[in-house]
file coords_15.txt (compact mmCIF, C-alpha atoms)
# COMPACT_ATOMS: atom_id res chain seq x y z
CA MET A 1458 65.14 116.25 112.49
CA TRP A 1459 67.47 119.14 113.38
CA LYS A 1460 68.35 121.38 110.46
CA CYS A 1461 71.36 123.54 109.92
CA PRO A 1462 70.68 127.25 110.58
CA LYS A 1463 70.90 129.33 107.43
CA GLN A 1464 73.87 131.31 108.67
CA LEU A 1465 75.89 128.06 108.98
CA ARG A 1466 75.11 126.78 105.49
CA ILE A 1467 78.18 127.45 103.37
CA THR A 1468 78.11 126.98 99.63
CA ASN A 1469 80.78 125.18 97.65
CA TYR A 1470 81.80 128.50 96.08
CA GLU A 1471 82.20 130.26 99.44
CA LEU A 1472 84.30 127.38 100.74
CA ARG A 1473 86.60 127.61 97.73
CA LEU A 1474 87.11 131.30 98.44
CA GLU A 1475 87.91 130.64 102.10
CA LEU A 1476 90.31 127.79 101.43
CA GLY A 1477 92.00 129.31 98.38
CA ASN A 1478 91.07 126.83 95.66
CA GLU A 1479 88.89 123.84 94.86
CA ASN A 1480 91.71 121.32 95.25
CA ASN A 1481 92.45 122.48 98.82
CA PHE A 1482 88.77 122.38 99.68
CA PHE A 1483 88.15 118.83 98.54
CA GLU A 1484 91.38 117.51 100.03
CA LEU A 1485 90.33 119.10 103.33
CA LEU A 1486 86.89 117.52 102.96
CA ILE A 1487 88.24 114.02 102.36
CA ILE A 1488 90.52 114.29 105.42
CA ASN A 1489 87.58 115.30 107.59
CA LEU A 1490 85.44 112.49 106.19
CA MET A 1491 88.16 110.09 107.27
CA LEU A 1492 88.08 111.56 110.75
CA TYR A 1493 84.28 111.44 110.79
CA PHE A 1494 84.07 107.72 110.01
CA THR A 1495 87.12 106.65 112.00
CA ASN A 1496 86.04 108.51 115.16
CA SER A 1497 82.47 107.21 115.06
CA PRO A 1498 81.69 105.00 118.12
CA LEU A 1499 80.09 102.53 115.72
CA HIS A 1500 83.20 102.29 113.56
CA PRO A 1501 84.24 98.58 113.37
CA LEU A 1502 87.91 99.37 112.92
CA LYS A 1503 88.64 101.76 115.78
CA LYS A 1504 92.38 102.34 115.95
CA LYS A 1505 93.98 100.47 118.84
CA LYS A 1506 96.63 101.76 121.20
CA LYS A 1507 100.23 100.65 120.90
CA MET A 1508 100.37 96.86 121.08
CA GLU A 1509 101.80 94.79 123.87
CA THR A 1510 104.85 92.74 122.88
CA THR A 1511 103.02 89.39 122.92
CA GLU A 1512 100.16 90.76 120.82
CA LEU A 1513 102.64 92.27 118.37
CA ILE A 1514 104.52 88.96 118.00
CA LYS A 1515 101.24 87.13 117.35
CA LYS A 1516 100.23 89.60 114.66
CA VAL A 1517 103.66 89.48 113.00
CA ARG A 1518 103.49 85.69 112.96
CA LYS A 1519 99.96 85.75 111.54
CA ILE A 1520 100.97 88.08 108.73
CA GLU A 1521 104.10 86.02 108.05
CA ILE A 1522 102.10 82.79 107.71
CA ARG A 1523 99.55 84.36 105.38
CA THR A 1524 101.86 86.41 103.17
CA ARG A 1525 104.83 84.03 103.06
CA GLY A 1526 102.59 81.27 101.71
CA LEU A 1527 101.25 83.60 99.02
CA SER A 1528 104.75 84.70 98.10
CA LYS A 1529 106.09 81.16 97.88
CA ASN A 1530 103.17 79.49 96.13
CA ILE A 1531 101.66 82.25 94.01
CA PHE A 1532 103.84 85.34 93.55
CA SER A 1533 107.41 84.01 93.60
CA GLY A 1534 107.60 82.94 89.95
CA GLU A 1535 105.62 85.94 88.73
CA TYR A 1536 107.84 88.28 90.74
CA HIS A 1537 110.95 86.68 89.23
CA SER A 1538 109.60 87.16 85.71
CA ALA A 1539 108.50 90.73 86.37
CA PHE A 1540 111.85 91.96 87.70
CA LYS A 1541 114.87 90.96 85.73
CA GLY A 1542 118.47 90.97 86.91
CA ARG A 1543 121.19 93.26 85.60
CA GLY A 1544 122.48 90.83 82.96
CA MET A 1545 124.04 87.40 82.44
CA ALA A 1546 127.06 86.11 84.35
CA PHE A 1547 129.27 83.12 83.51
CA SER A 1548 128.48 80.07 85.66
CA GLU A 1549 130.31 76.97 84.35
CA VAL A 1550 131.21 74.87 81.30
CA ARG A 1551 129.63 71.57 80.33
CA GLU A 1552 129.77 69.16 77.42
CA TYR A 1553 128.07 70.20 74.22
CA GLN A 1554 124.59 68.74 73.70
CA ILE A 1555 122.57 68.61 70.50
CA GLY A 1556 120.56 71.83 70.25
CA ASP A 1557 123.08 74.02 72.10
CA ASP A 1558 123.91 77.34 70.49
CA ILE A 1559 127.33 76.94 68.83
CA ARG A 1560 128.11 80.53 69.75
CA THR A 1561 128.44 79.43 73.38
CA ILE A 1562 131.22 76.91 72.63
CA ASP A 1563 134.30 77.48 74.80
CA TRP A 1564 137.07 76.85 72.25
CA ASN A 1565 139.90 76.81 74.82
CA VAL A 1566 138.28 74.03 76.88
CA THR A 1567 137.21 72.22 73.71
CA ALA A 1568 140.82 72.18 72.41
CA ARG A 1569 142.14 70.97 75.79
CA PHE A 1570 139.75 67.99 76.03
CA ASN A 1571 139.35 67.35 72.33
CA HIS A 1572 135.59 67.44 72.78
CA PRO A 1573 133.16 70.36 72.43
CA TYR A 1574 132.23 72.22 75.61
CA VAL A 1575 129.84 75.16 76.00
CA LYS A 1576 129.72 78.03 78.45
CA VAL A 1577 126.71 78.21 80.76
CA PHE A 1578 125.42 81.62 81.80
CA GLU A 1579 123.02 82.51 84.59
CA GLU A 1580 121.04 85.67 85.17
CA GLU A 1581 122.80 88.07 87.51
CA ARG A 1582 119.81 88.05 89.80
CA GLU A 1583 120.47 90.05 92.94
CA LEU A 1584 118.26 93.14 93.07
CA THR A 1585 117.52 95.78 95.66
CA VAL A 1586 113.89 96.53 96.55
CA ILE A 1587 112.90 99.70 98.42
CA LEU A 1588 109.47 100.17 100.00
CA LEU A 1589 108.46 103.83 100.24
CA VAL A 1590 105.60 103.69 102.77
CA ASP A 1591 103.20 106.49 103.68
CA VAL A 1592 102.58 106.45 107.47
CA SER A 1593 100.60 109.71 107.63
CA ALA A 1594 97.29 109.96 109.51
CA SER A 1595 95.22 109.11 106.42
CA GLY A 1596 96.44 105.51 106.71
CA ASN A 1597 94.35 105.08 109.87
CA PHE A 1598 91.18 105.05 107.81
CA GLY A 1599 88.95 102.28 106.53
CA THR A 1600 85.19 101.78 106.45
CA SER A 1601 84.79 98.10 105.62
CA GLU A 1602 87.35 95.29 105.84
CA GLN A 1603 90.49 97.01 107.12
CA PHE A 1604 92.45 100.22 107.49
CA LYS A 1605 94.57 101.44 104.59
CA LYS A 1606 97.55 101.00 106.93
CA ASP A 1607 96.73 97.29 107.40
CA LEU A 1608 96.44 96.73 103.66
CA ILE A 1609 99.79 98.46 103.10
CA THR A 1610 101.36 96.22 105.77
CA GLU A 1611 100.23 93.03 104.02
CA LEU A 1612 101.30 94.31 100.61
CA CYS A 1613 104.76 95.13 101.97
CA ALA A 1614 104.99 91.68 103.57
CA VAL A 1615 104.07 89.93 100.30
CA ILE A 1616 106.66 91.96 98.36
CA ALA A 1617 109.27 91.36 101.07
CA PHE A 1618 108.82 87.58 101.13
CA SER A 1619 108.79 87.47 97.32
CA SER A 1620 112.13 89.27 97.34
CA LEU A 1621 113.40 86.76 99.93
CA GLN A 1622 112.43 83.86 97.65
CA ASN A 1623 114.49 85.47 94.89
CA ASN A 1624 117.48 86.33 97.11
CA ASP A 1625 116.98 90.09 96.72
CA LYS A 1626 117.74 92.77 99.29
CA ILE A 1627 114.88 94.84 100.68
CA GLY A 1628 114.74 98.10 102.63
CA ILE A 1629 112.01 100.49 103.72
CA ILE A 1630 111.47 104.23 104.13
CA PHE A 1631 108.64 105.42 106.38
CA PHE A 1632 107.45 108.94 105.58
CA SER A 1633 104.77 111.46 106.51
CA ASP A 1634 105.58 115.10 105.71
CA LYS A 1635 109.10 114.18 106.85
CA ILE A 1636 111.25 111.05 106.83
CA GLU A 1637 110.13 109.11 109.90
CA LYS A 1638 112.48 106.12 109.63
CA PHE A 1639 114.82 104.35 107.20
CA ILE A 1640 115.77 100.68 107.40
CA PRO A 1641 118.60 100.01 104.90
CA PRO A 1642 118.23 97.09 102.45
CA LYS A 1643 119.38 93.66 103.65
CA LYS A 1644 118.55 90.01 103.08
CA GLY A 1645 117.11 87.39 105.39
CA ARG A 1646 113.94 86.34 107.20
CA SER A 1647 114.84 88.13 110.46
CA HIS A 1648 115.27 91.39 108.54
CA ILE A 1649 111.85 90.99 106.90
CA LEU A 1650 110.21 90.22 110.25
CA ARG A 1651 111.73 93.42 111.63
CA ILE A 1652 110.18 95.36 108.75
CA ILE A 1653 106.77 93.77 109.42
CA ARG A 1654 107.02 94.59 113.13
CA GLU A 1655 107.71 98.23 112.31
CA LEU A 1656 104.86 98.35 109.80
CA ILE A 1657 102.41 97.05 112.40
CA ASP A 1658 103.44 99.13 115.39
CA PHE A 1659 105.23 102.21 114.06
CA GLN A 1660 103.98 105.51 115.52
CA PRO A 1661 104.82 108.48 113.24
CA GLU A 1662 105.61 111.88 114.72
CA ASN A 1663 103.75 113.87 112.03
CA LYS A 1664 100.33 113.44 110.42
CA LYS A 1665 100.58 115.10 107.00
CA THR A 1666 101.97 113.73 103.71
CA ASP A 1667 104.83 114.94 101.51
CA ILE A 1668 105.68 112.50 98.72
CA SER A 1669 108.16 114.98 97.18
CA GLY A 1670 110.36 114.92 100.28
CA ALA A 1671 110.23 111.13 100.43
CA LEU A 1672 111.29 110.78 96.79
CA ARG A 1673 114.16 113.24 97.24
CA TYR A 1674 115.36 111.34 100.30
CA ALA A 1675 115.24 108.03 98.39
CA LEU A 1676 117.31 109.59 95.60
CA ASN A 1677 119.96 110.66 98.09
CA VAL A 1678 120.29 107.46 100.15
CA ILE A 1679 119.73 104.78 97.47
CA LYS A 1680 122.73 105.10 95.13
CA LYS A 1681 122.36 101.83 93.22
CA ARG A 1682 119.49 101.39 90.75
CA SER A 1683 116.67 99.67 92.65
CA ILE A 1684 113.03 98.66 92.42
CA LEU A 1685 111.06 101.34 94.25
CA PHE A 1686 107.52 100.60 95.45
CA MET A 1687 105.52 103.67 96.51
CA LEU A 1688 102.68 102.62 98.84
CA THR A 1689 100.37 105.54 99.59
CA ASP A 1690 96.92 107.00 98.90
CA PHE A 1691 98.59 109.89 97.00
CA LEU A 1692 96.71 112.54 99.00
CA SER A 1693 99.69 114.83 98.85
CA PRO A 1694 100.84 118.14 97.33
CA ASP A 1695 102.35 117.99 93.85
CA PHE A 1696 105.31 115.61 93.51
CA SER A 1697 105.77 115.55 89.72
CA ASP A 1698 109.31 117.00 89.60
CA PRO A 1699 111.02 114.55 92.01
CA LEU A 1700 109.03 111.66 90.48
CA LYS A 1701 110.44 112.54 87.07
CA ILE A 1702 114.00 112.25 88.40
CA THR A 1703 113.33 109.17 90.54
CA SER A 1704 111.70 107.19 87.74
CA LYS A 1705 114.77 107.69 85.56
CA LYS A 1706 117.14 106.39 88.21
CA HIS A 1707 114.98 103.64 89.77
CA ASP A 1708 112.41 101.18 88.48
CA THR A 1709 109.38 102.83 90.11
CA ILE A 1710 105.99 101.25 90.86
CA ALA A 1711 103.07 103.16 92.40
CA ILE A 1712 100.64 101.22 94.60
CA GLN A 1713 97.63 103.40 95.35
CA VAL A 1714 95.70 102.22 98.41
CA TYR A 1715 92.27 103.80 98.89
CA ASP A 1716 88.91 103.29 100.60
CA LYS A 1717 85.62 103.28 98.70
CA ARG A 1718 84.34 106.14 100.90
CA GLU A 1719 87.01 108.39 99.41
CA THR A 1720 85.59 108.07 95.90
CA GLN A 1721 82.36 109.92 96.71
CA ILE A 1722 80.91 111.94 99.59
CA PRO A 1723 78.14 110.18 101.53
CA ASP A 1724 75.14 112.17 102.69
CA VAL A 1725 75.83 112.52 106.42
CA GLY A 1726 74.17 115.90 106.82
CA LEU A 1727 75.99 118.83 108.35
CA MET A 1728 79.66 118.23 109.10
CA LEU A 1729 82.11 120.46 110.91
CA ALA A 1730 85.39 120.41 108.98
CA LYS A 1731 88.68 121.60 110.39
CA ASP A 1732 91.63 122.82 108.37
CA PRO A 1733 94.63 120.98 109.93
CA GLU A 1734 97.05 123.72 108.86
CA THR A 1735 95.19 126.85 110.04
CA GLY A 1736 92.96 125.28 112.69
CA ASN A 1737 89.92 127.10 111.23
CA ASN A 1738 86.54 125.39 111.48
CA ILE A 1739 84.02 125.49 108.65
CA TRP A 1740 80.61 123.86 108.22
CA VAL A 1741 79.95 121.62 105.21
CA ASP A 1742 76.47 120.51 104.21
CA THR A 1743 77.05 117.04 102.71
CA SER A 1744 73.33 116.71 101.89
CA ASN A 1745 73.94 119.21 99.09
CA SER A 1746 73.76 117.12 95.89
CA GLN A 1747 75.74 119.70 93.89
CA LEU A 1748 78.55 119.52 96.45
CA ARG A 1749 78.67 115.73 96.18
CA GLN A 1750 78.69 115.90 92.38
CA ASN A 1751 81.48 118.48 92.39
CA TYR A 1752 83.49 116.27 94.71
CA LEU A 1753 83.02 113.25 92.42
CA THR A 1754 84.17 115.35 89.45
CA TRP A 1755 87.24 116.47 91.43
CA TRP A 1756 88.08 112.91 92.48
CA ASN A 1757 87.87 111.60 88.90
CA ARG A 1758 89.94 114.52 87.62
CA LYS A 1759 92.57 113.85 90.30
CA GLN A 1760 92.75 110.17 89.31
CA ASP A 1761 93.14 111.10 85.63
CA SER A 1762 95.91 113.53 86.56
CA LEU A 1763 97.76 110.81 88.51
CA LYS A 1764 97.32 108.36 85.64
CA ASP A 1765 98.81 110.84 83.16
CA LEU A 1766 101.69 111.65 85.52
CA PHE A 1767 102.62 107.99 85.94
CA LEU A 1768 102.26 107.29 82.22
CA ILE A 1769 104.57 110.15 81.23
CA ASN A 1770 107.22 108.93 83.69
CA ASN A 1771 106.90 105.19 82.84
CA VAL A 1772 105.69 104.36 86.35
CA ASP A 1773 103.57 101.21 86.64
CA VAL A 1774 100.41 101.59 88.76
CA ILE A 1775 98.45 99.18 90.95
CA LYS A 1776 95.19 100.42 92.54
CA ILE A 1777 93.80 98.43 95.47
CA ALA A 1778 90.79 99.25 97.67
CA THR A 1779 90.56 98.29 101.33
CA ASN A 1780 87.45 96.18 100.69
CA GLU A 1781 89.00 93.97 98.00
CA SER A 1782 91.61 91.22 97.83
CA TYR A 1783 95.07 92.33 96.72
CA ILE A 1784 95.93 88.95 95.18
CA SER A 1785 94.31 89.54 91.81
CA PRO A 1786 95.64 93.11 91.26
CA LEU A 1787 99.19 92.03 92.22
CA MET A 1788 99.05 88.89 90.08
CA ASN A 1789 97.77 90.83 87.06
CA PHE A 1790 100.53 93.41 87.52
CA PHE A 1791 103.31 90.79 87.74
CA LYS A 1792 101.98 88.90 84.69
CA LYS A 1793 101.51 92.03 82.61
CA ARG A 1794 104.96 93.28 83.49
CA GLY A 1795 106.60 89.90 82.92
CA SER A 1796 105.10 89.67 79.43
CA ARG A 1797 106.85 92.92 78.47
CA TYR A 1798 110.33 91.42 78.98
call {"tool": "encode", "arguments": {"input": "coords_15.txt", "output": "C-alpha cells"}}
result
Amino acid sequence: MWKCPKQLRITNYELRLELGNENNFFELLIINLMLYFTNSPLHPLKKKKKMETTELIKKVRKIEIRTRGLSKNIFSGEYHSAFKGRGMAFSEVREYQIGDDIRTIDWNVTARFNHPYVKVFEEERELTVILLVDVSASGNFGTSEQFKKDLITELCAVIAFSSLQNNDKIGIIFFSDKIEKFIPPKKGRSHILRIIRELIDFQPENKKTDISGALRYALNVIKKRSILFMLTDFLSPDFSDPLKITSKKHDTIAIQVYDKRETQIPDVGLMLAKDPETGNNIWVDTSNSQLRQNYLTWWNRKQDSLKDLFLINNVDVIKIATNESYISPLMNFFKKRGSRY
C-alpha cells in the first residue's frame, strides 16, 4: 500500500497554524470530506445536471403526492396547535346554551329578542411562514439515503402544504453567501408548487454560506411578525448578533440538516484538502487517530455552542440526518410546541 512521504505529513498543530485557528481548519476539513465522498465514482448520489422540464414536473408531482398526504393526514392538526393565530376575532351570535360562559352574552341582542344570545369568537388564524433555505454547495452532499438538499426540499414541501391546510401564507428566501432569490409570501397550491420547483432545480450563483446576511435580509423584507424556518447545516461564520434581533421580531425555528459522515472523520488515508477562499492545497492524514479525535471534540463543541445560542434566543431546534425519516422529529417538535400553548 502506498504511504504518504514524510514531507507531506502535516500535523494537526501545523494545519492550525497555516489556517489561522482550529475552527477554520475543521470547517475546511468537513467541506473537503463532502467533496471527497460526493465526487467519488462509486458515490450513489452523484449530483445530476439541470433537469429537463418533463423530469422536473414528474419530481414535483412525486414530492407533492408524498408530502401533501403527510401534511393533510399527519401534520395538519399538529401544525395548527403548534402555531397560534394573533388573537380572537368576533364571528357571530347564537342562542345561549347550558354551559356557555355568561361573560360572552351579547346583552344588546338579548334585549332585542328577549332571549339570551352569546357572542362566538374564532381564532384569528392567518399567519405568514417564511422558509430561509441554505442553497450553498454543502447541500449537495449525502452518503446514504439522499443529499441534504433533497431532505431540505421535502421538509419545505411538508411545511408548505401544512400552511396551505391552515390557510397561511408562505414565502421563501434562498441564500448562499448572498441572497440568491426571494419569493414573497402568498397562498395557494400553485404558489407552493412553484416553491417546490425552485427547490428542486434552483442553481445558486455562489457556493459559500452566510447565515448573518440571510437573517438581515429577512429582517428588512419581512415587516410583519412571521414564523421563520431556518433550514441549513449551520456550517457558517458566526451569526449570533442578527439571530438575536430576528428571534425577537419573528417566531424562529432552526432545522439543522446534516449527514452522519459530518459527525466524525472516516479513515480514508491521505487526503488533499483545498482552502476555497485562498486556493491553497494542504495534505491531511485522516488515518491519524488524534486528528479524528480532535475533529470529534470540535464537532461536539460546535453542536453545544449552537444549542446554547438557540436556547438563549428562544429558538426551537429540530435536528434531522439524511439517513433518517423526518416524520418523527417533526411530529415530536409540533407536539412539544403545541403543549406549551
call {"tool": "residues_around", "arguments": {"input": "coords_15.txt", "residues": "stretch 1633-1649 of chain A", "least_positions_apart": "2", "cutoff": "6 Å", "atoms": "only C-alpha atoms", "output": "PyMOL selection string"}}
result
chain A and resi 1591-1593+1626-1631+1651-1652+1665-1667
call {"tool": "axis_aligned_box", "arguments": {"input": "coords_15.txt", "around": "stretch 1657-1660 of chain A", "padding_each_side": "3 Å", "output": "JSON"}}
result
{"center_x": 103.8, "center_y": 101.3, "center_z": 114.0, "size_x": 8.8, "size_y": 14.5, "size_z": 9.1}
call {"tool": "atom_distance", "arguments": {"input": "coords_15.txt", "atom1": "atom CA of A:Val1517", "atom2": "atom CA of A:Ser1683"}}
result
26.2 Å
call {"tool": "residues_around", "arguments": {"input": "coords_15.txt", "residues": "stretch 1602-1608 of chain A", "least_positions_apart": "2", "cutoff": "7 Å", "atoms": "only C-alpha atoms", "output": "list in words"}}
result
Leu1502, Gly1596, Asn1597, Phe1598, Gly1599, Thr1600, Thr1610, Glu1611, Leu1612, Val1714, Tyr1715, Thr1779 and Asn1780 of chain A
call {"tool": "closest_residue", "arguments": {"input": "coords_15.txt", "among": "A:Leu1588, A:Ile1722, A:Ala1594, A:Ile1616", "to": "A:Pro1661", "atoms": "only C-alpha atoms"}}
result
A:Ala1594
call {"tool": "atom_distance", "arguments": {"input": "coords_15.txt", "atom1": "atom CA of A:Cys1613", "atom2": "atom CA of A:Leu1589"}}
result
9.6 Å
call {"tool": "closest_residue", "arguments": {"input": "coords_15.txt", "among": "A:Gln1713, A:Lys1519, A:Tyr1553, A:Leu1727", "to": "A:Lys1764", "atoms": "only C-alpha atoms"}}
result
A:Gln1713
call {"tool": "residues_around", "arguments": {"input": "coords_15.txt", "residues": "stretch 1769-1775 of chain A", "least_positions_apart": "5", "cutoff": "12 Å", "atoms": "all atoms listed in the file", "output": "PyMOL selection string"}}
result
chain A and resi 1539+1612+1684-1691+1697-1715+1760+1762-1764+1783-1791+1793-1794
call {"tool": "write_last_selection", "arguments": {"input": "coords_15.txt", "atoms": "C-alpha atoms", "output": "compact mmCIF listing (two decimals), in the frame of the given file"}}
result
# COMPACT_ATOMS: atom_id res chain seq x y z
CA ALA A 1539 108.50 90.73 86.37
CA LEU A 1612 101.30 94.31 100.61
CA ILE A 1684 113.03 98.66 92.42
CA LEU A 1685 111.06 101.34 94.25
CA PHE A 1686 107.52 100.60 95.45
CA MET A 1687 105.52 103.67 96.51
CA LEU A 1688 102.68 102.62 98.84
CA THR A 1689 100.37 105.54 99.59
CA ASP A 1690 96.92 107.00 98.90
CA PHE A 1691 98.59 109.89 97.00
CA SER A 1697 105.77 115.55 89.72
CA ASP A 1698 109.31 117.00 89.60
CA PRO A 1699 111.02 114.55 92.01
CA LEU A 1700 109.03 111.66 90.48
CA LYS A 1701 110.44 112.54 87.07
CA ILE A 1702 114.00 112.25 88.40
CA THR A 1703 113.33 109.17 90.54
CA SER A 1704 111.70 107.19 87.74
CA LYS A 1705 114.77 107.69 85.56
CA LYS A 1706 117.14 106.39 88.21
CA HIS A 1707 114.98 103.64 89.77
CA ASP A 1708 112.41 101.18 88.48
CA THR A 1709 109.38 102.83 90.11
CA ILE A 1710 105.99 101.25 90.86
CA ALA A 1711 103.07 103.16 92.40
CA ILE A 1712 100.64 101.22 94.60
CA GLN A 1713 97.63 103.40 95.35
CA VAL A 1714 95.70 102.22 98.41
CA TYR A 1715 92.27 103.80 98.89
CA GLN A 1760 92.75 110.17 89.31
CA SER A 1762 95.91 113.53 86.56
CA LEU A 1763 97.76 110.81 88.51
CA LYS A 1764 97.32 108.36 85.64
CA TYR A 1783 95.07 92.33 96.72
CA ILE A 1784 95.93 88.95 95.18
CA SER A 1785 94.31 89.54 91.81
CA PRO A 1786 95.64 93.11 91.26
CA LEU A 1787 99.19 92.03 92.22
CA MET A 1788 99.05 88.89 90.08
CA ASN A 1789 97.77 90.83 87.06
CA PHE A 1790 100.53 93.41 87.52
CA PHE A 1791 103.31 90.79 87.74
CA LYS A 1793 101.51 92.03 82.61
CA ARG A 1794 104.96 93.28 83.49
call {"tool": "atom_distance", "arguments": {"input": "coords_15.txt", "atom1": "atom CA of A:Thr1720", "atom2": "atom CA of A:Phe1767"}}
result
19.7 Å
call {"tool": "residues_around", "arguments": {"input": "coords_15.txt", "residues": "A:Ile1562", "least_positions_apart": "6", "cutoff": "12 Å", "atoms": "all atoms listed in the file", "output": "PDB file with C-alpha atoms, in the frame of the given file"}}
result
ATOM      1  CA  GLU A1549     130.310  76.970  84.350  1.00  0.00           C
ATOM      2  CA  VAL A1550     131.210  74.870  81.300  1.00  0.00           C
ATOM      3  CA  ARG A1551     129.630  71.570  80.330  1.00  0.00           C
ATOM      4  CA  GLU A1552     129.770  69.160  77.420  1.00  0.00           C
ATOM      5  CA  TYR A1553     128.070  70.200  74.220  1.00  0.00           C
ATOM      6  CA  GLN A1554     124.590  68.740  73.700  1.00  0.00           C
ATOM      7  CA  ALA A1568     140.820  72.180  72.410  1.00  0.00           C
ATOM      8  CA  HIS A1572     135.590  67.440  72.780  1.00  0.00           C
ATOM      9  CA  PRO A1573     133.160  70.360  72.430  1.00  0.00           C
ATOM     10  CA  TYR A1574     132.230  72.220  75.610  1.00  0.00           C
ATOM     11  CA  VAL A1575     129.840  75.160  76.000  1.00  0.00           C
ATOM     12  CA  LYS A1576     129.720  78.030  78.450  1.00  0.00           C
ATOM     13  CA  VAL A1577     126.710  78.210  80.760  1.00  0.00           C
ATOM     14  CA  PHE A1578     125.420  81.620  81.800  1.00  0.00           C
TER      15      PHE A1578
END
